[in-house]
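J.: This is entry.pdb, which holds PDB, C-alpha atoms:
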```pdb
ATOM      1  CA  MET A   1      45.155  66.301  15.256
ATOM      2  CA  PRO A   2      44.221  65.568  18.897
ATOM      3  CA  THR A   3      46.109  62.989  20.933
ATOM      4  CA  THR A   4      44.370  59.805  22.007
ATOM      5  CA  GLN A   5      43.947  61.160  25.538
ATOM      6  CA  GLU A   6      42.432  64.423  24.251
ATOM      7  CA  TRP A   7      40.033  62.423  22.092
ATOM      8  CA  ILE A   8      38.994  60.278  25.075
ATOM      9  CA  GLU A   9      38.398  63.393  27.188
ATOM     10  CA  GLU A  10      36.183  64.802  24.434
ATOM     11  CA  LEU A  11      34.183  61.548  24.335
ATOM     12  CA  LYS A  12      33.585  61.716  28.096
ATOM     13  CA  GLY A  13      31.652  64.913  27.549
ATOM     14  CA  ILE A  14      29.022  63.484  25.175
ATOM     15  CA  SER A  15      25.875  61.503  25.905
ATOM     16  CA  VAL A  16      25.719  57.722  25.577
ATOM     17  CA  ALA A  17      23.306  58.075  22.659
ATOM     18  CA  ASP A  18      25.721  60.360  20.790
ATOM     19  CA  LEU A  19      28.604  57.980  21.514
ATOM     20  CA  ALA A  20      26.617  55.015  20.185
ATOM     21  CA  GLU A  21      25.789  57.009  17.050
ATOM     22  CA  ARG A  22      29.473  57.848  16.505
ATOM     23  CA  ILE A  23      30.528  54.226  16.998
ATOM     24  CA  LYS A  24      27.939  53.094  14.450
ATOM     25  CA  ALA A  25      29.172  55.732  11.980
ATOM     26  CA  LEU A  26      32.785  54.569  12.442
ATOM     27  CA  GLU A  27      31.757  50.946  11.913
ATOM     28  CA  GLU A  28      29.942  51.858   8.699
ATOM     29  CA  GLU A  29      32.738  54.124   7.428
ATOM     30  CA  PHE A  30      35.509  51.588   7.920
ATOM     31  CA  GLY A  31      33.504  48.383   7.456
ATOM     32  CA  VAL A  32      34.401  47.002  10.892
ATOM     33  CA  SER A  33      32.535  45.984  14.022
ATOM     34  CA  ALA A  34      33.610  46.962  17.531
ATOM     35  CA  ALA A  35      32.145  43.672  18.806
ATOM     36  CA  ALA A  36      34.274  41.644  16.385
ATOM     37  CA  VAL A  37      37.426  43.487  17.432
ATOM     38  CA  ALA A  38      36.619  42.998  21.136
ATOM     39  CA  ALA A  39      35.973  39.284  20.599
ATOM     40  CA  ALA A  40      39.205  38.802  18.653
ATOM     41  CA  ALA A  41      41.425  40.525  21.222
ATOM     42  CA  PRO A  42      41.176  37.891  24.013
ATOM     43  CA  ALA A  43      41.675  35.047  21.544
ATOM     44  CA  ALA A  44      44.873  36.649  20.318
ATOM     45  CA  GLY A  45      46.502  36.688  23.727
ATOM     46  CA  GLY A  46      44.680  35.907  26.943
ATOM     47  CA  ALA A  47      42.465  32.857  26.528
ATOM     48  CA  ALA A  48      44.719  30.989  24.113
ATOM     49  CA  ALA A  49      47.693  31.286  26.427
ATOM     50  CA  ASP A  50      45.490  30.033  29.275
ATOM     51  CA  GLY A  51      45.333  26.578  27.795
ATOM     52  CA  GLY A  52      41.594  26.898  27.121
ATOM     53  CA  ALA A  53      39.995  28.270  30.260
ATOM     54  CA  GLU A  54      36.400  27.286  31.025
ATOM     55  CA  ASP A  55      33.714  29.417  29.366
ATOM     56  CA  GLU A  56      32.039  31.609  31.981
ATOM     57  CA  GLY A  57      28.728  31.840  30.119
ATOM     58  CA  PRO A  58      27.394  34.420  27.698
ATOM     59  CA  THR A  59      29.706  37.224  26.674
ATOM     60  CA  THR A  60      26.915  39.796  26.711
ATOM     61  CA  VAL A  61      24.280  40.181  29.403
ATOM     62  CA  ASP A  62      21.430  42.434  30.488
ATOM     63  CA  VAL A  63      21.589  44.385  33.749
ATOM     64  CA  VAL A  64      18.078  44.348  35.238
ATOM     65  CA  LEU A  65      16.879  46.100  38.383
ATOM     66  CA  THR A  66      14.891  43.834  40.712
ATOM     67  CA  GLY A  67      14.516  46.400  43.488
ATOM     68  CA  SER A  68      15.395  50.045  44.031
ATOM     69  CA  GLY A  69      16.135  49.778  47.755
ATOM     70  CA  ASP A  70      15.882  52.504  50.378
ATOM     71  CA  LYS A  71      18.159  54.985  48.585
ATOM     72  CA  LYS A  72      16.217  55.402  45.343
ATOM     73  CA  ILE A  73      17.801  58.788  44.589
ATOM     74  CA  GLN A  74      21.296  57.252  44.690
ATOM     75  CA  VAL A  75      20.148  54.457  42.386
ATOM     76  CA  ILE A  76      18.678  57.003  39.942
ATOM     77  CA  LYS A  77      22.012  58.873  39.937
ATOM     78  CA  VAL A  78      23.908  55.690  39.041
ATOM     79  CA  VAL A  79      21.369  54.850  36.303
ATOM     80  CA  ARG A  80      21.692  58.357  34.839
ATOM     81  CA  ALA A  81      25.487  58.145  34.829
ATOM     82  CA  ALA A  82      25.459  54.706  33.202
ATOM     83  CA  THR A  83      22.838  55.401  30.546
ATOM     84  CA  GLY A  84      22.950  59.120  29.836
ATOM     85  CA  LEU A  85      19.186  59.326  30.410
ATOM     86  CA  GLY A  86      17.513  62.424  31.727
ATOM     87  CA  LEU A  87      16.182  62.570  35.281
ATOM     88  CA  LYS A  88      12.587  61.753  34.320
ATOM     89  CA  GLU A  89      13.573  58.771  32.153
ATOM     90  CA  ALA A  90      16.011  57.401  34.738
ATOM     91  CA  LYS A  91      13.400  57.715  37.497
ATOM     92  CA  ALA A  92      10.835  55.877  35.345
ATOM     93  CA  LEU A  93      13.349  53.115  34.633
ATOM     94  CA  VAL A  94      14.035  52.703  38.377
ATOM     95  CA  ASP A  95      10.338  52.889  39.320
ATOM     96  CA  GLU A  96       9.360  50.268  36.737
ATOM     97  CA  LEU A  97      12.378  48.023  37.468
ATOM     98  CA  LYS A  98      13.312  47.797  33.809
ATOM     99  CA  PRO A  99      16.645  46.667  32.349
ATOM    100  CA  VAL A 100      19.290  49.357  32.852
ATOM    101  CA  LYS A 101      21.480  48.183  29.966
ATOM    102  CA  GLU A 102      21.017  45.313  27.557
ATOM    103  CA  GLY A 103      23.551  43.302  25.587
ATOM    104  CA  ILE A 104      26.663  44.669  27.293
ATOM    105  CA  GLU A 105      29.961  42.899  27.929
ATOM    106  CA  ARG A 106      30.153  40.800  31.081
ATOM    107  CA  ASP A 107      32.923  42.924  32.677
ATOM    108  CA  GLU A 108      30.974  46.147  32.162
ATOM    109  CA  ALA A 109      27.805  44.467  33.488
ATOM    110  CA  ASP A 110      29.588  43.272  36.638
ATOM    111  CA  LYS A 111      30.951  46.770  37.229
ATOM    112  CA  LEU A 112      27.510  48.376  36.748
ATOM    113  CA  LYS A 113      25.900  45.761  38.997
ATOM    114  CA  ALA A 114      28.407  46.545  41.755
ATOM    115  CA  GLU A 115      27.749  50.301  41.424
ATOM    116  CA  LEU A 116      23.983  49.801  41.581
ATOM    117  CA  GLU A 117      24.233  47.452  44.559
ATOM    118  CA  GLU A 118      26.496  49.937  46.337
ATOM    119  CA  ALA A 119      23.774  52.557  45.814
ATOM    120  CA  GLY A 120      21.254  50.178  47.432
ATOM    121  CA  ALA A 121      19.554  48.517  44.457
ATOM    122  CA  SER A 122      18.898  44.847  43.883
ATOM    123  CA  VAL A 123      20.280  43.804  40.500
ATOM    124  CA  GLU A 124      20.228  40.705  38.357
ATOM    125  CA  LEU A 125      22.338  39.819  35.323
ATOM    126  CA  LYS A 126      20.451  37.895  32.655
TER     127      LYS A 126
END
```
Take the structure in the file and give it back as C-alpha cells.

T.:
Amino acid sequence: MPTTQEWIEELKGISVADLAERIKALEEEFGVSAAAVAAAAPAAGGAAADGGAEDEGPTTVDVVLTGSGDKKIQVIKVVRAATGLGLKEAKALVDELKPVKEGIERDEADKLKAELEEAGASVELK
C-alpha cells in the first residue's frame, strides 16, 4: 500500500478532469462529500476558537478573466496548469475571457488570481 506522500505524487501526474472523476467516485463509494468535510474542518477548530470572526463573503467563487494583458502566452500557461486544459482550449478560454474556474474555495481562488495577475492578466472574483 502506498504512503500518503506517494499517493499525492501519483495524483499530481493526472489531469484535473481525471482527479475530479476520482473524487466523485470516492464520494459515491463512501457516501461522503469533500465539500462537507472541508466546511466542517474550520468549524471544529479555527473559526470557533476565534470567537466568531466576521464572515468574509461566499465560501466558493468564480475566477473570471477580464483581460489577458500583454503576456497572453504566460496567461495561457497559467490557465493550462490550473485547469488541465489542452493548449487550444486554454487559448480559447483566454481569448474569450471566460471563467477560468467556477465554484472553487476562496483561498484557492485568491491563489489562482494572484498567479494570473503575475502573468499579466486582469482577473475578477465573482

J.: Leaving out A:Asp70 and any residue of its chain fewer than 5 positions from it, which residues lie within 12 Å of it when counting all atoms listed in the file, given as an MDAnalysis selection string?

T.: chainID A and resid 75:76 117:122

J.: May I have the selected residues written with C-alpha atoms, as a short mmCIF file (atom, residue, chain, number, x, y, z; two decimals), in the frame of the given file?

T.:
```cif
data_model
loop_
_atom_site.label_atom_id
_atom_site.label_comp_id
_atom_site.auth_asym_id
_atom_site.auth_seq_id
_atom_site.Cartn_x
_atom_site.Cartn_y
_atom_site.Cartn_z
CA VAL A 75 20.15 54.46 42.39
CA ILE A 76 18.68 57.00 39.94
CA GLU A 117 24.23 47.45 44.56
CA GLU A 118 26.50 49.94 46.34
CA ALA A 119 23.77 52.56 45.81
CA GLY A 120 21.25 50.18 47.43
CA ALA A 121 19.55 48.52 44.46
CA SER A 122 18.90 44.85 43.88
#
```

J.: Please report the interatomic distance between atom CA of A:Lys98 and atom CA of A:Ser68 in Å with one decimal.

T.: 10.7 Å

J.: Applying the PyMOL selection byres ((chain A and resi 80) around 12) to the file I just gave you, which residues come out? Please list them as a list in words.

T.: Ser15, Val16, Ile73, Gln74, Val75, Ile76, Lys77, Val78, Val79, Ala81, Ala82, Thr83, Gly84, Leu85, Gly86, Leu87, Lys88, Glu89, Ala90, Lys91, Ala92, Leu93, Val94, Val100, Lys101, Leu112 and Leu116 of chain A

J.: Would you mind reading off the distance between atom CA of A:Val123 and atom CA of A:Lys12, one decimal, in Å?

T.: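 Spanning atom CA of A:Val123 to atom CA of A:Lys12 is a straight-line distance of 25.5 Å.
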
J.: Counting all atoms listed in the file, which residue out of A:Ala20, A:Leu97, A:Leu125, A:Leu26 sits closest to A:Asp62?

T.: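 Of all the options, A:Leu125 lies closest to A:Asp62.
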
J.: Measure the distance from atom CA of A:Val64 to atom CA of A:Glu115 in Å and round it to one decimal.

T.: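 Spanning atom CA of A:Val64 to atom CA of A:Glu115 is a straight-line distance of 12.9 Å.
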
J.: Got a sec: who's within 12 Å of A:Val61, counting only C-alpha atoms, leaving out chain neighbours fewer than 2 positions off, as a list in words?

T.: Glu56, Gly57, Pro58, Thr59, Val63, Val64, Pro99, Val100, Lys101, Glu102, Gly103, Ile104, Glu105, Arg106, Asp107, Glu108, Ala109, Asp110, Leu112, Lys113, Glu124, Leu125 and Lys126 of chain A

J.: From the options A:Glu6, A:Glu96, A:Glu21, A:Glu28, which residue's atoms come nearest to A:Thr66, counting all atoms listed in the file?

T.: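 Nearest to A:Thr66: A:Glu96.
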
J.: Got a sec to write stretch 52-100 of chain A of the block to a file, C-alpha atoms, as a tab-separated table (two decimals), in the first residue's frame?

T.:
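Resulting contents of decode.tsv:
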```
chain	number	residue	atom	x	y	z
A	52	GLY	CA	-16.95	34.19	15.81
A	53	ALA	CA	-14.90	36.07	13.24
A	54	GLU	CA	-16.74	38.13	10.63
A	55	ASP	CA	-17.90	36.24	7.54
A	56	GLU	CA	-15.75	37.24	4.56
A	57	GLY	CA	-18.45	36.53	1.98
A	58	PRO	CA	-19.17	33.45	-0.10
A	59	THR	CA	-17.07	30.38	0.52
A	60	THR	CA	-16.92	29.50	-3.17
A	61	VAL	CA	-16.25	31.91	-6.01
A	62	ASP	CA	-15.63	32.02	-9.75
A	63	VAL	CA	-12.30	33.19	-11.16
A	64	VAL	CA	-13.08	35.19	-14.32
A	65	LEU	CA	-10.61	36.74	-16.75
A	66	THR	CA	-11.39	40.37	-17.59
A	67	GLY	CA	-8.28	40.93	-19.70
A	68	SER	CA	-5.38	38.85	-20.97
A	69	GLY	CA	-2.76	41.60	-20.81
A	70	ASP	CA	0.41	41.92	-22.88
A	71	LYS	CA	1.80	38.48	-21.99
A	72	LYS	CA	-1.01	36.29	-23.31
A	73	ILE	CA	1.24	33.24	-23.64
A	74	GLN	CA	2.13	33.40	-19.93
A	75	VAL	CA	-1.55	33.71	-19.05
A	76	ILE	CA	-2.38	30.67	-21.22
A	77	LYS	CA	0.34	28.68	-19.42
A	78	VAL	CA	-1.16	29.53	-16.02
A	79	VAL	CA	-4.67	28.64	-17.26
A	80	ARG	CA	-3.42	25.29	-18.59
A	81	ALA	CA	-1.69	24.48	-15.31
A	82	ALA	CA	-4.76	25.41	-13.26
A	83	THR	CA	-7.37	23.66	-15.39
A	84	GLY	CA	-5.61	20.79	-17.13
A	85	LEU	CA	-6.97	22.02	-20.48
A	86	GLY	CA	-5.13	21.48	-23.72
A	87	LEU	CA	-3.39	24.36	-25.48
A	88	LYS	CA	-6.26	25.05	-27.90
A	89	GLU	CA	-8.91	25.05	-25.16
A	90	ALA	CA	-6.83	27.22	-22.82
A	91	LYS	CA	-6.14	29.72	-25.61
A	92	ALA	CA	-9.87	29.89	-26.44
A	93	LEU	CA	-10.70	30.46	-22.78
A	94	VAL	CA	-8.17	33.33	-22.59
A	95	ASP	CA	-9.27	34.83	-25.93
A	96	GLU	CA	-12.95	34.78	-24.95
A	97	LEU	CA	-12.30	35.97	-21.37
A	98	LYS	CA	-14.34	33.16	-19.88
A	99	PRO	CA	-14.31	31.95	-16.27
A	100	VAL	CA	-11.12	30.00	-15.55
```
